[in-house]
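Asker: Just passing along the structure, written as structure tokens.
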Amino acid sequence: MADRSRSFLKEGTLTYAYILLYIALSSGQIFFNKWVLSSKEINFPYPLGLTLLHMVFSSVLCFVLTKVFKVMRVEEGMTLEIYTTSVIPIGATFAMTLWLGNTAYLYISVAFAQMLKAIMPVAVFVLGVAAGLEMMSCRMLFIMSVISFGVLVASYGEININWIGVVYQMGGVVGEALRLIFMEILVKRKGLKLNPISVMYYVSPCSSVFLFIPWIFLEKSRMEAHGTWNLQPLVLILNSLCTFALNLSVFLVISHTSALTIRVAGVVKDWVVVLLSALLFADTKLTIINLFGYAIAIAGVAAYNNHKLKKEASKGSSDESKHPESIPLTEPSTSNS
């Protein structure tokens with residue numbers, strides 16, 4: 001009995017450690033990217049270049065870990081047809097998400113960018129209905145209305161609003177919504193479930209290509225004409241390593257808990273980012289209207305997550321009764337903070 005209690009305590013402590021690690025890495029990566037892109041000390045205002053570096057670093061590290069040292073496993077079942085019809089669109093939309101989302105940090109505060117991200121479930125739902133993956137209902141319409149109203153109130157309370165930054169951030173939201181739709185199509189229609197490492201292994205090289213093409217036309221010449229760099233290579237390597245570590249933390253949390261835990265932790269992380277950014281960055285000035293609107297939006301997001309998880313649970317139990325011998329894989333995830 002004592003051994004069982006110690007084992008339970010150890011497992012619980014380990015789980016909370018993974019959750020705290022995820023929140024710390026996710027929040028820290030957002031602040032790290034903002035600092036690299038916006039600070040005068042670093043002077044590296046190249047979101048495409050930074051995101052491209054992240055994806056190339058992730059591609060190389062995934063290959064080394066799975067094929068050279070073989071400490072992680074890539075799920076089987078990938079075919080050329082699935083890669084061209086699902087992985088390539090996912091890679092393209094992921095590249096779009098990271099590029100536009102990081103570019104927004106050049107124009108708007110971290111806190112306001114995080115508030116705008118709360119509109120994500122609305123974009124996912126609308127595109128899901130268009131793709132035939134979601135059904136319109138009064139309940140979902142109400143939840144979407146609450147989220148939209150909260151984001152509008154938060155935006156109204158923004159003191160230093162920059163519409164260029166808003167457009168970039170909303171473009172990133174649309175890109176992420178499209179990525180999630182393609183991920184759902186990959187699982188539902190193609191029948192392929194991938195763990196986070198497998199997703200990174202297949203998607204990162206594809207995203208690198210989609211980022212490299214616009215980088216050549218938009219940032220390459222500016223970076224070459226930049227002259228002297230204040231940025232140490234070690235900073236970029238550490239930034240890329242943090243991005244990869246964030247993906248691993250998501251993998252650890254999901255594999256040791258559940259999808260619900262990672263979503264709840266995500267909401268906690270969002271609040272941590274909003275509040276801490278007011279202390280860390282001079283361009284962040286929170287107002288009561290900001291926080292009130294964001295609280296409304298987060299309440300809507302919580303209702304949306306609850307609805308989705310109940311739907312997934314009911315479907316999961318139905319699938320398990322049909323295929324009791326199958327072992328579910330961890331839910332796919334990416335490094336989009």
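Here, A, B, ... name the chains of the structure tokens in the order displayed, residue numbers run from 1 inside each chain, and ligands are numbered from 1 in the same displayed order.
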List the spatial neighbours of Met135 of chain A as a count of residues only - criterion: any atom at most 10 Å away, only C-alpha atoms, same-chain residues fewer than 5 positions off excluded.
Answerer: 6
Asker: List as an MDAnalysis selection string the protein and nucleic acid residues near segment 34-42 of chain A, meaning an atom at most 12 Å away when only C-alpha atoms are counted, but skip any in the same chain fewer than 2 places from it.
Answerer: chainID A and resid 27:32 44:51 101:111 113 228:233 235:240 273 277 280:284
Asker: Mind giving me the straight-line distance from atom CA of Leu61 of chain A to atom CA of Lys220 of chain A in Å, one decimal?
Answerer: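 That distance, rounded to one decimal, is 24.2 Å.
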Asker: Which residue out of A:Ala313, A:Ala154, A:Leu275, A:Glu134 has the minimum interatomic distance to Met115 of chain A when only C-alpha atoms are used?
Answerer: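 Result for the nearest residue to Met115 of chain A: A:Ala154.
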Asker: So, with only C-alpha atoms as the atoms that count, which of A:Ser198, A:Phe112, A:Ile289, A:Val268 lies closest to Lys67 of chain A?
Answerer: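 Answer, going by the shortest atom-to-atom distance: A:Ser198.
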Asker: Can you work out which one of A:Thr97, A:Asn305, A:Ser249, A:Ser155 has the shortest atom-to-atom distance to Phe292 of chain A, counting only C-alpha atoms?
Answerer: A:Ser155
Asker: Closest to Gly12 of chain A among A:His256, A:His54, A:Lys269, A:Lys188, using only C-alpha atoms?
Answerer: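 Going through A:His256, A:His54, A:Lys269, A:Lys188 one by one, the smallest distance to Gly12 of chain A is for A:His256.
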Asker: If you count only C-alpha atoms, which residues fall within 10 Å of Val301 of chain A, apart from same-chain ones fewer than 2 positions away, as a ChimeraX atom specification?
Answerer: /A:118-122,143-144,146-147,263,267,295-299,303-307
Asker: Measure the distance from atom CA of Val60 of chain A to atom CA of Ile90 of chain A in Å and round it to one decimal.
Answerer: 18.8 Å
Asker: As number ranges by chain, which residues of segment 130-223 of chain A does DSSP assign to alpha helix (DSSP H)?
Answerer: A: 130-131, 138-156, 163-188, 196-218, 220-223
Asker: Taking only C-alpha atoms into account, name the residue in A:Val187, A:Val272, A:Val209, A:Ile19 that is nearest to Val253 of chain A.
Answerer: A:Ile19
Asker: Need to verify the contact set: Ser86 of chain A, 12 Å, only C-alpha atoms, exclusion of same-chain residues closer than 2 positions in sequence. Can you return it as an NGL selection string?
Answerer: :A and (78-84 or 88-93 or 178-192 or 199 or 202-203 or 206)
